[in-house]
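Shown next: input09.cif, containing mmCIF, C-alpha atoms and all ligand atoms.
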```
data_entry
#
loop_
_atom_site.label_atom_id
_atom_site.label_comp_id
_atom_site.auth_asym_id
_atom_site.auth_seq_id
_atom_site.Cartn_x
_atom_site.Cartn_y
_atom_site.Cartn_z
CA MET C 1 140.40 -12.08 -3.49
CA ALA C 2 139.52 -15.74 -3.09
CA GLY C 3 140.30 -16.92 0.42
CA ASP C 4 140.33 -13.45 2.02
CA PRO C 5 138.15 -13.49 5.15
CA ILE C 6 134.91 -11.50 5.24
CA PRO C 7 135.09 -9.08 8.20
CA PRO C 8 132.10 -8.57 10.54
CA THR C 9 129.36 -6.56 8.86
CA ILE C 10 128.68 -4.56 12.01
CA GLU C 11 130.26 -4.40 15.46
CA TRP C 12 130.30 -2.32 18.60
CA VAL C 13 133.74 -0.76 19.16
CA GLY C 14 134.30 1.29 22.32
CA ASP C 15 131.56 3.91 22.25
CA ARG C 16 130.47 3.56 18.63
CA ILE C 17 129.21 1.29 15.86
CA ARG C 18 131.58 0.22 13.10
CA LEU C 19 130.03 -1.16 9.92
CA ILE C 20 131.05 -2.11 6.42
CA ASP C 21 129.79 0.45 3.89
CA GLN C 22 128.04 -1.97 1.53
CA ARG C 23 127.28 0.79 -0.97
CA ARG C 24 130.98 0.74 -1.95
CA LEU C 25 131.30 -2.99 -2.54
CA PRO C 26 132.63 -4.74 -4.51
CA GLY C 27 135.03 -1.93 -5.48
CA GLU C 28 136.12 -0.94 -1.98
CA LEU C 29 135.93 -2.68 1.38
CA THR C 30 135.66 0.26 3.80
CA VAL C 31 134.16 0.73 7.26
CA ILE C 32 132.30 3.68 8.71
CA ASP C 33 132.23 4.67 12.40
CA VAL C 34 128.75 5.63 13.52
CA THR C 35 128.35 7.93 16.51
CA SER C 36 124.78 9.23 16.24
CA VAL C 37 121.30 7.81 15.74
CA GLY C 38 120.66 10.20 12.84
CA GLN C 39 123.78 8.99 11.03
CA LEU C 40 122.74 5.37 11.62
CA CYS C 41 119.22 6.00 10.26
CA ASP C 42 120.71 7.49 7.07
CA LEU C 43 123.06 4.53 6.66
CA ILE C 44 120.18 2.07 7.08
CA SER C 45 117.93 3.96 4.64
CA THR C 46 120.64 4.12 1.98
CA LEU C 47 121.54 0.41 2.45
CA ALA C 48 125.08 0.97 3.71
CA VAL C 49 123.94 -1.70 6.18
CA ARG C 50 121.12 -4.01 5.05
CA GLY C 51 119.80 -7.55 5.27
CA ALA C 52 117.38 -8.61 8.01
CA PRO C 53 119.76 -10.01 10.69
CA ALA C 54 122.29 -7.18 10.21
CA LEU C 55 119.43 -4.72 10.68
CA GLY C 56 118.54 -6.47 13.95
CA ALA C 57 122.04 -5.79 15.28
CA ALA C 58 122.01 -2.25 13.85
CA GLY C 59 118.67 -1.48 15.52
CA ALA C 60 119.89 -2.69 18.91
CA MET C 61 123.13 -0.70 18.53
CA GLY C 62 121.08 2.39 17.64
CA VAL C 63 119.24 2.07 20.96
CA ALA C 64 122.64 1.57 22.65
CA LEU C 65 123.86 4.88 21.15
CA ALA C 66 120.68 6.62 22.30
CA SER C 67 121.11 5.28 25.85
CA MET C 68 124.71 6.56 25.97
CA HIS C 69 123.66 10.02 24.78
CA ASP C 70 120.59 10.24 27.04
CA LEU C 71 118.19 10.48 24.10
CA ASP C 72 114.47 9.70 24.33
CA ILE C 73 114.51 5.91 23.94
CA ALA C 74 110.89 5.52 22.79
CA ALA C 75 111.32 8.21 20.09
CA THR C 76 114.61 6.65 18.97
CA ALA C 77 113.00 3.23 18.74
CA ARG C 78 110.19 4.61 16.54
CA ARG C 79 112.68 6.44 14.33
CA LEU C 80 114.88 3.38 13.84
CA LYS C 81 111.94 1.04 13.12
CA ALA C 82 110.56 3.44 10.49
CA THR C 83 113.74 3.30 8.37
CA ARG C 84 112.93 -0.16 6.95
CA PRO C 85 109.45 -1.45 7.76
CA THR C 86 109.53 -4.93 6.19
CA ALA C 87 112.54 -6.54 7.90
CA VAL C 88 111.11 -7.68 11.25
CA ASN C 89 114.57 -8.23 12.74
CA LEU C 90 115.04 -4.46 12.89
CA ALA C 91 112.06 -4.06 15.24
CA TRP C 92 113.08 -7.23 17.09
CA GLY C 93 116.62 -5.92 17.74
CA VAL C 94 115.33 -2.48 18.77
CA ASP C 95 112.79 -4.00 21.17
CA ARG C 96 115.35 -6.32 22.73
CA ALA C 97 117.70 -3.42 23.45
CA VAL C 98 114.87 -1.21 24.74
CA ALA C 99 113.75 -3.96 27.15
CA SER C 100 117.28 -4.45 28.50
CA ASP C 101 118.85 -2.73 31.54
CA ASP C 102 122.09 -2.46 29.58
CA PRO C 103 121.40 -1.75 25.87
CA VAL C 104 125.11 -1.66 24.98
CA ALA C 105 125.68 -5.15 26.39
CA GLU C 106 122.43 -6.41 24.83
CA ALA C 107 123.39 -5.08 21.39
CA GLN C 108 126.74 -6.85 21.63
CA ARG C 109 124.98 -10.05 22.70
CA ILE C 110 122.67 -9.86 19.68
CA ALA C 111 125.68 -9.45 17.38
CA ALA C 112 127.52 -12.40 18.93
CA GLU C 113 124.43 -14.63 18.86
CA ASP C 114 123.85 -13.90 15.17
CA VAL C 115 126.97 -15.70 14.00
CA ASP C 116 126.26 -18.78 16.18
CA THR C 117 122.65 -18.83 15.01
CA ASN C 118 123.70 -18.74 11.37
CA ARG C 119 126.23 -21.53 11.83
CA ARG C 120 123.50 -23.75 13.34
CA LEU C 121 121.11 -22.82 10.55
CA GLY C 122 123.79 -23.51 7.95
CA ALA C 123 124.58 -26.91 9.41
CA ALA C 124 120.87 -27.85 9.40
CA GLY C 125 120.38 -26.72 5.81
CA ALA C 126 123.56 -28.24 4.40
CA ALA C 127 121.88 -31.66 4.42
CA LEU C 128 119.43 -30.36 1.78
CA VAL C 129 122.24 -29.57 -0.66
CA PRO C 130 123.28 -32.64 -2.68
CA ASP C 131 126.92 -33.07 -3.64
CA GLY C 132 127.48 -31.47 -7.05
CA ALA C 133 124.32 -29.33 -6.78
CA ASN C 134 123.55 -26.27 -8.89
CA VAL C 135 121.88 -23.78 -6.56
CA LEU C 136 120.14 -20.54 -7.45
CA THR C 137 120.00 -17.65 -4.97
CA HIS C 138 118.57 -14.14 -5.06
CA CYS C 139 119.66 -10.87 -3.45
CA ASN C 140 122.25 -11.22 -0.69
CA ALA C 141 121.55 -13.42 2.31
CA GLY C 142 125.21 -13.86 3.13
CA SER C 143 127.62 -12.67 5.78
CA LEU C 144 126.97 -9.07 4.68
CA ALA C 145 123.24 -9.42 5.39
CA CYS C 146 124.03 -10.64 8.91
CA VAL C 147 126.75 -9.93 11.43
CA GLY C 148 128.58 -12.90 9.92
CA TYR C 149 128.36 -16.27 8.14
CA GLY C 150 125.00 -15.72 6.40
CA THR C 151 121.65 -17.49 6.17
CA ALA C 152 120.99 -18.72 2.60
CA LEU C 153 124.71 -18.38 1.85
CA GLY C 154 125.39 -19.88 5.29
CA VAL C 155 123.65 -23.05 4.10
CA LEU C 156 125.82 -23.13 0.97
CA ARG C 157 128.91 -22.31 2.95
CA ALA C 158 128.21 -25.14 5.42
CA ALA C 159 127.67 -27.57 2.52
CA SER C 160 130.97 -26.48 0.99
CA GLU C 161 132.76 -26.75 4.37
CA ALA C 162 131.35 -30.29 4.65
CA GLY C 163 133.26 -31.17 1.47
CA LYS C 164 130.40 -30.97 -1.05
CA THR C 165 131.05 -29.41 -4.41
CA LEU C 166 128.47 -26.93 -5.63
CA HIS C 167 127.89 -24.19 -8.12
CA VAL C 168 125.74 -21.13 -7.45
CA TRP C 169 123.70 -19.13 -9.95
CA VAL C 170 123.71 -15.57 -8.57
CA ASP C 171 120.74 -13.42 -9.60
CA GLU C 172 122.00 -9.87 -10.10
CA THR C 173 118.87 -8.60 -8.23
CA ARG C 174 117.62 -5.41 -9.82
CA PRO C 175 117.33 -2.58 -9.04
CA LEU C 176 120.12 -2.29 -6.45
CA LEU C 177 122.15 -5.32 -7.54
CA GLN C 178 122.76 -6.92 -4.16
CA GLY C 179 123.42 -10.20 -6.00
CA ALA C 180 125.97 -8.76 -8.42
CA ARG C 181 127.65 -6.46 -5.94
CA LEU C 182 127.55 -8.47 -2.71
CA THR C 183 126.71 -12.16 -3.21
CA ALA C 184 129.14 -12.57 -6.10
CA TRP C 185 131.84 -10.83 -4.03
CA GLU C 186 131.20 -13.07 -1.01
CA LEU C 187 131.17 -16.30 -3.01
CA GLN C 188 134.44 -15.34 -4.68
CA ARG C 189 136.01 -14.79 -1.25
CA LEU C 190 134.65 -18.16 -0.12
CA ALA C 191 136.03 -19.78 -3.29
CA ILE C 192 132.58 -21.26 -4.06
CA PRO C 193 132.13 -21.52 -7.85
CA CYS C 194 129.40 -19.17 -9.05
CA THR C 195 127.96 -17.55 -12.17
CA LEU C 196 126.31 -14.15 -12.23
CA VAL C 197 123.10 -13.97 -14.27
CA ILE C 198 120.42 -11.36 -14.90
CA ASP C 199 117.20 -11.98 -12.97
CA ALA C 200 115.26 -12.70 -16.14
CA MET C 201 117.46 -15.72 -16.94
CA ALA C 202 116.24 -17.94 -14.08
CA ALA C 203 113.39 -19.45 -16.11
CA SER C 204 115.58 -20.59 -18.98
CA ILE C 205 118.28 -22.02 -16.69
CA MET C 206 115.59 -24.01 -14.86
CA ALA C 207 114.00 -25.19 -18.12
CA ALA C 208 117.41 -26.45 -19.25
CA GLY C 209 117.75 -28.50 -16.04
CA GLY C 210 120.47 -26.25 -14.65
CA VAL C 211 119.02 -25.68 -11.16
CA ASP C 212 118.71 -28.42 -8.51
CA LEU C 213 117.42 -26.19 -5.72
CA VAL C 214 116.71 -22.56 -4.85
CA VAL C 215 117.81 -21.13 -1.48
CA VAL C 216 116.88 -17.60 -0.44
CA GLY C 217 116.70 -15.56 2.77
CA ALA C 218 113.71 -13.77 4.32
CA ASP C 219 112.88 -10.36 5.71
CA ARG C 220 109.76 -11.49 7.55
CA VAL C 221 107.97 -14.82 7.78
CA ALA C 222 104.29 -14.50 8.75
CA ALA C 223 102.57 -16.87 11.19
CA ASN C 224 101.09 -18.84 8.27
CA GLY C 225 104.55 -19.33 6.69
CA ASP C 226 104.24 -16.70 3.93
CA VAL C 227 107.66 -15.18 3.22
CA ALA C 228 108.53 -11.55 2.47
CA ASN C 229 111.89 -11.30 0.74
CA LYS C 230 113.61 -9.24 -1.96
CA ILE C 231 111.43 -8.38 -4.94
CA GLY C 232 111.65 -11.20 -7.46
CA THR C 233 111.65 -14.01 -4.88
CA TYR C 234 107.97 -14.84 -5.48
CA GLY C 235 108.58 -15.20 -9.21
CA LEU C 236 111.42 -17.64 -8.52
CA ALA C 237 109.15 -19.70 -6.26
CA VAL C 238 106.52 -19.93 -9.01
CA LEU C 239 109.17 -20.97 -11.51
CA ALA C 240 110.63 -23.52 -9.10
CA ARG C 241 107.20 -25.11 -8.57
CA HIS C 242 106.59 -25.29 -12.34
CA HIS C 243 109.94 -27.03 -12.84
CA ARG C 244 109.56 -29.24 -9.72
CA ILE C 245 112.62 -27.74 -8.07
CA PRO C 246 112.84 -27.50 -4.24
CA PHE C 247 112.48 -23.94 -2.95
CA HIS C 248 114.06 -23.39 0.48
CA VAL C 249 113.94 -20.30 2.70
CA ALA C 250 116.72 -19.91 5.26
CA MET C 251 116.26 -17.59 8.24
CA PRO C 252 116.79 -17.37 12.00
CA LEU C 253 113.78 -17.83 14.30
CA SER C 254 113.87 -14.06 14.93
CA THR C 255 112.66 -13.49 11.34
CA ILE C 256 109.40 -15.32 12.11
CA ASP C 257 106.76 -12.81 13.17
CA PRO C 258 103.97 -14.58 15.08
CA ASP C 259 102.06 -11.27 15.29
CA THR C 260 101.66 -11.00 11.51
CA ALA C 261 98.95 -13.43 10.46
CA ASP C 262 99.81 -13.73 6.78
CA GLY C 263 101.72 -12.24 3.88
CA ALA C 264 98.96 -9.78 3.02
CA SER C 265 99.48 -8.13 6.41
CA ILE C 266 103.19 -7.50 5.84
CA VAL C 267 104.06 -3.86 5.12
CA ILE C 268 106.09 -3.77 1.91
CA GLU C 269 108.70 -1.03 1.77
CA ARG C 270 108.46 1.25 -1.27
CA ARG C 271 111.66 2.98 -2.25
CA ASP C 272 112.82 5.98 -4.26
CA PRO C 273 111.76 5.80 -7.95
CA ASN C 274 115.25 6.95 -8.94
CA GLU C 275 116.59 3.53 -7.96
CA VAL C 276 114.68 2.13 -10.95
CA VAL C 277 114.86 5.00 -13.39
CA GLU C 278 118.63 5.27 -13.00
CA LEU C 279 121.34 2.65 -13.54
CA ALA C 280 124.57 3.30 -11.64
CA GLY C 281 123.80 7.03 -11.62
CA HIS C 282 122.81 7.21 -15.31
CA ARG C 283 119.21 7.96 -16.19
CA VAL C 284 117.71 5.13 -18.29
CA GLY C 285 114.00 6.07 -18.21
CA PRO C 286 112.34 9.21 -19.56
CA GLU C 287 111.69 12.21 -17.33
CA GLY C 288 108.25 12.11 -15.74
CA ILE C 289 107.73 8.34 -16.07
CA ASP C 290 105.70 6.62 -13.32
CA VAL C 291 107.76 4.10 -11.36
CA ASP C 292 106.70 1.43 -8.86
CA ASN C 293 109.64 0.43 -6.67
CA ARG C 294 108.53 -2.23 -4.17
CA ALA C 295 111.58 -3.55 -2.35
CA PHE C 296 110.02 -6.89 -1.39
CA ASP C 297 107.36 -9.39 -2.44
CA VAL C 298 105.52 -12.17 -0.66
CA THR C 299 105.91 -15.86 -1.49
CA PRO C 300 102.92 -17.92 -0.30
CA ALA C 301 103.80 -20.71 2.14
CA ALA C 302 102.37 -23.24 -0.32
CA LEU C 303 105.33 -22.63 -2.64
CA VAL C 304 107.96 -23.15 0.08
CA THR C 305 109.51 -26.62 0.32
CA SER C 306 111.16 -25.94 3.67
CA TRP C 307 112.06 -23.19 6.09
CA ILE C 308 115.64 -23.69 7.30
CA THR C 309 116.01 -22.33 10.85
CA ASP C 310 118.60 -22.37 13.61
CA VAL C 311 116.61 -25.12 15.34
CA GLY C 312 116.39 -27.29 12.25
CA VAL C 313 114.55 -27.73 8.97
CA VAL C 314 110.81 -27.09 9.21
CA ARG C 315 108.34 -28.49 6.66
CA SER C 316 105.03 -26.86 7.64
CA PRO C 317 103.75 -23.49 8.96
CA ALA C 318 102.39 -25.20 12.09
CA GLU C 319 105.88 -26.53 12.92
CA LEU C 320 107.26 -23.07 12.23
CA LEU C 321 105.21 -21.50 15.02
CA VAL C 322 106.21 -24.26 17.43
CA ALA C 323 109.84 -23.56 16.53
CA ARG C 324 109.36 -19.80 17.03
CA ARG C 325 108.23 -20.41 20.61
CA ARG C 326 111.70 -21.75 21.31
CA LEU C 327 113.14 -18.27 20.89
CA SER C 328 113.64 -17.26 24.48
CA ARG C 329 112.87 -13.58 23.99
CA PRO C 330 109.54 -12.99 22.29
CA LEU C 331 108.86 -9.87 20.21
O1 LIG C 401 116.93 -4.57 0.66
P1 LIG C 401 117.87 -5.53 1.32
O2 LIG C 401 119.18 -5.64 0.64
O3 LIG C 401 118.00 -5.27 2.80
O4 LIG C 401 117.13 -6.95 1.17
C1 LIG C 401 117.73 -8.07 1.77
C2 LIG C 401 117.00 -9.33 1.48
O5 LIG C 401 115.99 -9.35 0.82
C3 LIG C 401 117.56 -10.57 2.11
O6 LIG C 401 117.25 -11.69 1.34
C4 LIG C 401 116.94 -10.75 3.50
O7 LIG C 401 117.08 -9.60 4.29
C5 LIG C 401 117.54 -11.89 4.22
S1 LIG C 401 119.17 -11.54 4.73
C6 LIG C 401 119.83 -12.85 5.52
#
```

Starting from the file, lay out its structure as structure tokens.
Amino acid sequence: MAGDPIPPTIEWVGDRIRLIDQRRLPGELTVIDVTSVGQLCDLISTLAVRGAPALGAAGAMGVALASMHDLDIAATARRLKATRPTAVNLAWGVDRAVASDDPVAEAQRIAAEDVDTNRRLGAAGAALVPDGANVLTHCNAGSLACVGYGTALGVLRAASEAGKTLHVWVDETRPLLQGARLTAWELQRLAIPCTLVIDAMAASIMAAGGVDLVVVGADRVAANGDVANKIGTYGLAVLARHHRIPFHVAMPLSTIDPDTADGASIVIERRDPNEVVELAGHRVGPEGIDVDNRAFDVTPAALVTSWITDVGVVRSPAELLVARRRLSRPL
């Protein structure tokens, strides 16, 4: 319902993790208590919890569980990192907890920092959103992709909180429909006007002058500014350039990976073919058909107008690396 708050995506409660089961949204808002690393790995792989910053908190909390149960920490770290290879925050959160004397406290710190980080990022990016803007976004880079507030949606939320009116075109985001299921749900709760469209409609909306800017999130930003994000993001960036529309990427500094030189070096997660060949559990492709199910693509830095971070809006890859050095805990 419009106006209902969005609860934390993931939190540490007593001796366990509690997270929203995003597979059930928008129909049901339910939480799951997670008490083992194996259970957490399954929930990450099946996207019950997803989105780069939320995965950072989940990874750290996974190490916290392992430390409480006296599991092999190095093996747990490898297992957690392998669940989703593209989102660098997962490895970042795992490594932070592993390096800490108190993984439970560190995991809670990461979760608390996430919301503050996103509020700063949102405030910085809100200035890029003109009053009355029509904004297009892809996938879900909202509260549900983080512990709270959101990155790309955090920017829109901050603009709305600053009194600007806006309208959001929500890409449904095939094959798993994070836009339709999650972003549309969040924007309704935030009472931000939005329209759900199929991914293939972006070009004609832009051609008709219906998009003033594009704002998306990121799973990993390479040292040269190339951006890995949900499959379909690169196509939007190409379209935005053709139509002379600003294309902004919003992400915390922890999503910048100084150890990955460029987009070509980013490992792109490939997922189960059934996600493509089935629609909501119904088979839509013929038996035996070959399927390519890449979860992410890479947008070259040259197509990015700005990278919106928690330390401000950055306009060049060189500035991005300088900004990344301000993150107190390196990878
Ligand atoms: O496969 P998902 O749903 O985890 O993909 C999420 C995205 O692509 C988001 O845009 C990205 O993680 C940024 S979230 C703030």

Quick one: residues within 10 Å of stretch 138-144 of chain C, all atoms listed in the file counted, chain neighbours fewer than 4 positions away excluded, as a PyMOL selection string? chain C and resi 6-10+19-22+49-54+115+118+148-157+169-174+176-184+186-187+199+214-219+229-233+236+250-251

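Across the structure, atom CA of C:Ala99 and atom CA of C:Arg18 are spaced 23.1 Å apart.
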
First collect every listed atom of ligand LIG 401 (chain C); then fit an axis-aligned box around them, widen it by 6 Å on each side, and give centre and edge lengths in Å to one decimal, as lines of an AutoDock Vina configuration file.
```
center_x = 117.9
center_y = -8.7
center_z = 3.1
size_x = 15.8
size_y = 20.3
size_z = 16.9
```

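Separating atom CA of C:Ile268 from atom CA of C:Ile205 is a distance of 28.8 Å.
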
Just checking: using all atoms listed in the file, which residue out of C:Leu40, C:Val168, C:Val227, C:Ala2 ends up closest to ligand LIG 401 (chain C)?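 Counting all atoms listed in the file, the residue closest to ligand LIG 401 (chain C) is C:Val227.
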
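Between atom CA of C:Pro5 and atom CA of C:Arg119 there is a distance of 15.9 Å.
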
For C:Arg271, list every protein, DNA or RNA residue within 8 Å, evaluated using all atoms listed in the file, and leave out those in the same chain fewer than 5 positions away; present the list as a VMD selection string. chain C and resid 293 to 295

Taking C-alpha atoms for each residue, export the selection above as a compact mmCIF listing (two decimals), keeping the file's coordinate frame.
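Contents of selection_6.txt, as written:
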```txt
# COMPACT_ATOMS: atom_id res chain seq x y z
CA ASN C 293 109.64 0.43 -6.67
CA ARG C 294 108.53 -2.23 -4.17
CA ALA C 295 111.58 -3.55 -2.35
```

Would you mind telling me which residue in C:Pro175, C:Gly132, C:Pro300, C:Gly38 lies nearest to ligand LIG 401 (chain C) when using only C-alpha atoms and all ligand atoms? C:Pro175

Have a look at C:Arg326, C:Arg79, C:Arg270, C:Arg109 and name the one nearest to C:Ala91; count all atoms listed in the file.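 Nearest candidate to C:Ala91 out of C:Arg326, C:Arg79, C:Arg270, C:Arg109: C:Arg79.
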
Nearest to ligand LIG 401 (chain C) by atom-to-atom distance, counting all atoms listed in the file, from C:Ala301, C:Ile192, C:Val249, C:Ala126: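 Between C:Ala301, C:Ile192, C:Val249, C:Ala126, the residue approaching ligand LIG 401 (chain C) most closely is C:Val249.
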
Check the smallest atom-to-atom distance from each of C:Thr137, C:Arg220, C:Gly56, C:His69 to C:Asp259 using all atoms listed in the file, then report the winner.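 That would be C:Arg220, the residue with the smallest distance to C:Asp259.
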
Long-range neighbours of C:Pro317 as a VMD selection string, 8 Å cut-off, all atoms listed in the file, 5 positions minimum in chain: chain C and resid 223 to 225 301

Proximity to C:Ala111 - best of C:Arg324, C:Ile17, C:Gly281, C:Pro246, all atoms listed in the file: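 Between C:Arg324, C:Ile17, C:Gly281, C:Pro246, the residue approaching C:Ala111 most closely is C:Ile17.
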
Counting all atoms listed in the file, what is within 7 Å of C:Asp131, bar same-chain residues fewer than 5 positions away, as a ChimeraX atom specification? /C:164-166

Env of C:His243: 12 Å cut, atoms = all atoms listed in the file, seq-sep filter 6 positions within chain, self excluded. Answer as a list of chain:residue names. C:Ala202, C:Ala203, C:Ser204, C:Ile205, C:Met206, C:Ala207, C:Ala208, C:Gly209, C:Gly210, C:Val211, C:Asp212, C:Leu213, C:Val214, C:Leu236, C:Ala237

Pull the neighbourhood of (115.0, -21.6, 8.9) for me: all residues within 7 Å in file coordinates, counting all atoms listed in the file, as a list in words.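 Output of the proximity query reads Leu121, Val249, Ala250, Met251, Pro252, Leu253, Trp307, Ile308, Thr309, Asp310, Gly312, Val313 and Val314 of chain C.
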